[in-house]
Amino acid sequence: DGAIEDGLKHVSATGPVLLVGNHQLFGLDGVLLVEEFLKERRLALTPLVYPPLLDDESPLAPLPYPLPGSAAMLRRFGGEPAGAKTLIGALSRGAHALVFPGGAREVFKRRGEAYQLRWPNASALVRIACRYNATIVP
């Protein structure tokens with residue numbers, strides 16, 4: 001009915017579900033969401049992650065971002081490389097997929113960009129979600 005509902009209790013326990021976020025907190029928000037869904041709802045999410053973040057060596061080495069151990073943690077919590085094929089696979093098996101369409105660019109916002117979405121102009125997310133009759137949760 002289009003009503004806005006707060007809280008995880010309103011997210012369906014059965015999938016497919018597409019959870020769509022806007023990065024804050026240097027990208028740590030995805031990990032926090034995965035943890036909250038596990039604690040509060042006992043639901044495992046499938047976070048779709050910028051592929052280089054799943055590598056053991058940081059794509060920004062020698063800078064310490066992401067934090068050491070991030071790749072192992074993302075893999076432990078079910079992180080999969082972001083991409084259309086991965087999303088299709090997750091939704092086709094009825095998963096709760098977590099995506100941040102603004103990606104890595106959205107992690108480091110510039111002055112005046114707080115709370116702005118940085119989504120691609122021709123995002124296929126909605127078309128893929130519709131194809132698998134997924135519930136979209138912003």
# chains A, B, ... in the order shown; residues from 1 in each chain; ligands from 1
$ select_by_dssp --residues "range 44-106 of chain A" --states "strand (DSSP E)" --output "list in words"
Leu45, Thr46, Pro47, Leu48, Val49, Glu80, Pro81, His96, Ala97, Leu98 and Val99 of chain A
$ write_last_selection --atoms "C-alpha atoms" --output "mmCIF file, in the first residue's frame"
data_model
loop_
_atom_site.group_PDB
_atom_site.id
_atom_site.type_symbol
_atom_site.label_atom_id
_atom_site.label_comp_id
_atom_site.auth_asym_id
_atom_site.auth_seq_id
_atom_site.Cartn_x
_atom_site.Cartn_y
_atom_site.Cartn_z
ATOM 1 C CA LEU A 45 21.634 -11.745 4.120
ATOM 2 C CA THR A 46 23.598 -12.132 0.929
ATOM 3 C CA PRO A 47 25.613 -8.914 0.767
ATOM 4 C CA LEU A 48 26.789 -8.063 -2.745
ATOM 5 C CA VAL A 49 30.218 -6.527 -2.291
ATOM 6 C CA GLU A 80 29.532 -12.295 -2.880
ATOM 7 C CA PRO A 81 30.963 -10.155 -5.701
ATOM 8 C CA HIS A 96 17.688 -11.652 1.001
ATOM 9 C CA ALA A 97 20.202 -9.748 -1.130
ATOM 10 C CA LEU A 98 21.784 -6.542 0.190
ATOM 11 C CA VAL A 99 23.033 -4.016 -2.362
#
$ residues_around --residues "Ser92 in chain A" --least-positions-apart "4" --cutoff "9 Å" --atoms "only C-alpha atoms" --output "ChimeraX atom specification"
/A:16,87-88,132
$ residues_around --residues "Thr14 in chain A" --least-positions-apart "6" --cutoff "12 Å" --atoms "only C-alpha atoms" --output "JSON, numbers by chain"
{"A": [41, 42, 43, 44, 45, 91, 93, 94, 95, 96, 97, 133, 134, 135]}
$ residues_around --residues "Gln24 in chain A" --least-positions-apart "2" --cutoff "10 Å" --atoms "only C-alpha atoms" --output "VMD selection string"
chain A and resid 21 to 22 26 to 30 106 to 109 114 to 115
$ residues_around --residues "Trp119 in chain A" --least-positions-apart "3" --cutoff "10 Å" --atoms "only C-alpha atoms" --output "list in words"
Asn22, Phe100, Pro101, Gly102, Gly103, Arg105, Glu106, Gln116, Ala122 and Ser123 of chain A
$ write_last_selection --atoms "C-alpha atoms" --output "PDB file, in the first residue's frame"
ATOM      1  CA  ASN A  22      22.857   4.193   0.676  1.00  0.00           C
ATOM      2  CA  PHE A 100      24.433  -0.505  -2.286  1.00  0.00           C
ATOM      3  CA  PRO A 101      23.986   0.772  -5.857  1.00  0.00           C
ATOM      4  CA  GLY A 102      26.186   3.815  -5.210  1.00  0.00           C
ATOM      5  CA  GLY A 103      29.074   1.449  -4.594  1.00  0.00           C
ATOM      6  CA  ARG A 105      32.058   6.077  -4.816  1.00  0.00           C
ATOM      7  CA  GLU A 106      29.256   6.508  -2.312  1.00  0.00           C
ATOM      8  CA  GLN A 116      22.510  11.806  -1.494  1.00  0.00           C
ATOM      9  CA  ALA A 122      20.586   2.902 -15.999  1.00  0.00           C
ATOM     10  CA  SER A 123      20.431   0.546 -13.032  1.00  0.00           C
TER      11      SER A 123
END
$ select_by_dssp --residues "chain A" --states "helix (DSSP H, G or I)" --output "ChimeraX atom specification"
/A:8-10,25-27,29-41,51-54,70-76,84-92,103-107,125-131
$ atom_distance --atom1 "CA of Val31 in chain A" --atom2 "CA of Met73 in chain A"
8.8 Å
$ closest_residue --among "A:Leu33, A:Leu8, A:Leu54, A:Ala13" --to "Gly69 in chain A" --atoms "only C-alpha atoms"
A:Leu54
$ decode --residues "range 28-45 of chain A" --atoms "N, CA, C and O atoms" --output "PDB file, in the first residue's frame"
ATOM      1  N   LEU A  28      30.938   0.773   6.394  1.00  0.00           N
ATOM      2  CA  LEU A  28      30.763  -0.194   7.483  1.00  0.00           C
ATOM      3  C   LEU A  28      29.291  -0.512   7.730  1.00  0.00           C
ATOM      4  O   LEU A  28      28.967  -1.473   8.428  1.00  0.00           O
ATOM      5  N   ASP A  29      28.406   0.275   7.170  1.00  0.00           N
ATOM      6  CA  ASP A  29      26.974   0.090   7.385  1.00  0.00           C
ATOM      7  C   ASP A  29      26.474  -1.261   6.890  1.00  0.00           C
ATOM      8  O   ASP A  29      25.582  -1.850   7.478  1.00  0.00           O
ATOM      9  N   GLY A  30      27.061  -1.774   5.823  1.00  0.00           N
ATOM     10  CA  GLY A  30      26.639  -3.081   5.307  1.00  0.00           C
ATOM     11  C   GLY A  30      26.859  -4.179   6.326  1.00  0.00           C
ATOM     12  O   GLY A  30      25.989  -5.018   6.562  1.00  0.00           O
ATOM     13  N   VAL A  31      28.015  -4.162   6.968  1.00  0.00           N
ATOM     14  CA  VAL A  31      28.326  -5.162   7.998  1.00  0.00           C
ATOM     15  C   VAL A  31      27.367  -5.025   9.172  1.00  0.00           C
ATOM     16  O   VAL A  31      26.885  -6.028   9.718  1.00  0.00           O
ATOM     17  N   LEU A  32      27.051  -3.797   9.549  1.00  0.00           N
ATOM     18  CA  LEU A  32      26.117  -3.570  10.660  1.00  0.00           C
ATOM     19  C   LEU A  32      24.721  -4.093  10.325  1.00  0.00           C
ATOM     20  O   LEU A  32      24.050  -4.680  11.176  1.00  0.00           O
ATOM     21  N   LEU A  33      24.284  -3.898   9.086  1.00  0.00           N
ATOM     22  CA  LEU A  33      22.974  -4.417   8.678  1.00  0.00           C
ATOM     23  C   LEU A  33      22.944  -5.943   8.705  1.00  0.00           C
ATOM     24  O   LEU A  33      21.972  -6.544   9.191  1.00  0.00           O
ATOM     25  N   VAL A  34      23.994  -6.568   8.197  1.00  0.00           N
ATOM     26  CA  VAL A  34      24.064  -8.033   8.207  1.00  0.00           C
ATOM     27  C   VAL A  34      23.977  -8.543   9.641  1.00  0.00           C
ATOM     28  O   VAL A  34      23.227  -9.469   9.940  1.00  0.00           O
ATOM     29  N   GLU A  35      24.723  -7.895  10.539  1.00  0.00           N
ATOM     30  CA  GLU A  35      24.716  -8.317  11.947  1.00  0.00           C
ATOM     31  C   GLU A  35      23.337  -8.139  12.580  1.00  0.00           C
ATOM     32  O   GLU A  35      22.853  -9.010  13.299  1.00  0.00           O
ATOM     33  N   GLU A  36      22.695  -7.006  12.324  1.00  0.00           N
ATOM     34  CA  GLU A  36      21.375  -6.758  12.919  1.00  0.00           C
ATOM     35  C   GLU A  36      20.332  -7.756  12.426  1.00  0.00           C
ATOM     36  O   GLU A  36      19.492  -8.221  13.193  1.00  0.00           O
ATOM     37  N   PHE A  37      20.364  -8.087  11.145  1.00  0.00           N
ATOM     38  CA  PHE A  37      19.416  -9.081  10.634  1.00  0.00           C
ATOM     39  C   PHE A  37      19.653 -10.442  11.283  1.00  0.00           C
ATOM     40  O   PHE A  37      18.708 -11.166  11.583  1.00  0.00           O
ATOM     41  N   LEU A  38      20.911 -10.785  11.494  1.00  0.00           N
ATOM     42  CA  LEU A  38      21.206 -12.062  12.169  1.00  0.00           C
ATOM     43  C   LEU A  38      20.725 -12.047  13.607  1.00  0.00           C
ATOM     44  O   LEU A  38      20.098 -13.009  14.075  1.00  0.00           O
ATOM     45  N   LYS A  39      21.005 -10.963  14.333  1.00  0.00           N
ATOM     46  CA  LYS A  39      20.640 -10.882  15.754  1.00  0.00           C
ATOM     47  C   LYS A  39      19.137 -10.781  15.955  1.00  0.00           C
ATOM     48  O   LYS A  39      18.561 -11.516  16.753  1.00  0.00           O
ATOM     49  N   GLU A  40      18.518  -9.849  15.243  1.00  0.00           N
ATOM     50  CA  GLU A  40      17.108  -9.542  15.500  1.00  0.00           C
ATOM     51  C   GLU A  40      16.141 -10.500  14.814  1.00  0.00           C
ATOM     52  O   GLU A  40      15.097 -10.834  15.371  1.00  0.00           O
ATOM     53  N   ARG A  41      16.463 -10.945  13.604  1.00  0.00           N
ATOM     54  CA  ARG A  41      15.524 -11.739  12.826  1.00  0.00           C
ATOM     55  C   ARG A  41      15.997 -13.152  12.512  1.00  0.00           C
ATOM     56  O   ARG A  41      15.276 -13.938  11.938  1.00  0.00           O
ATOM     57  N   ARG A  42      17.252 -13.466  12.837  1.00  0.00           N
ATOM     58  CA  ARG A  42      17.841 -14.772  12.492  1.00  0.00           C
ATOM     59  C   ARG A  42      17.801 -15.004  10.983  1.00  0.00           C
ATOM     60  O   ARG A  42      17.608 -16.113  10.509  1.00  0.00           O
ATOM     61  N   LEU A  43      17.974 -13.921  10.221  1.00  0.00           N
ATOM     62  CA  LEU A  43      17.989 -13.985   8.762  1.00  0.00           C
ATOM     63  C   LEU A  43      19.398 -13.715   8.264  1.00  0.00           C
ATOM     64  O   LEU A  43      20.017 -12.713   8.637  1.00  0.00           O
ATOM     65  N   ALA A  44      19.901 -14.586   7.430  1.00  0.00           N
ATOM     66  CA  ALA A  44      21.201 -14.377   6.805  1.00  0.00           C
ATOM     67  C   ALA A  44      20.993 -13.621   5.499  1.00  0.00           C
ATOM     68  O   ALA A  44      20.201 -14.035   4.658  1.00  0.00           O
ATOM     69  N   LEU A  45      21.691 -12.515   5.361  1.00  0.00           N
ATOM     70  CA  LEU A  45      21.634 -11.745   4.120  1.00  0.00           C
ATOM     71  C   LEU A  45      22.733 -12.215   3.181  1.00  0.00           C
ATOM     72  O   LEU A  45      23.722 -12.802   3.615  1.00  0.00           O
TER      73      LEU A  45
END
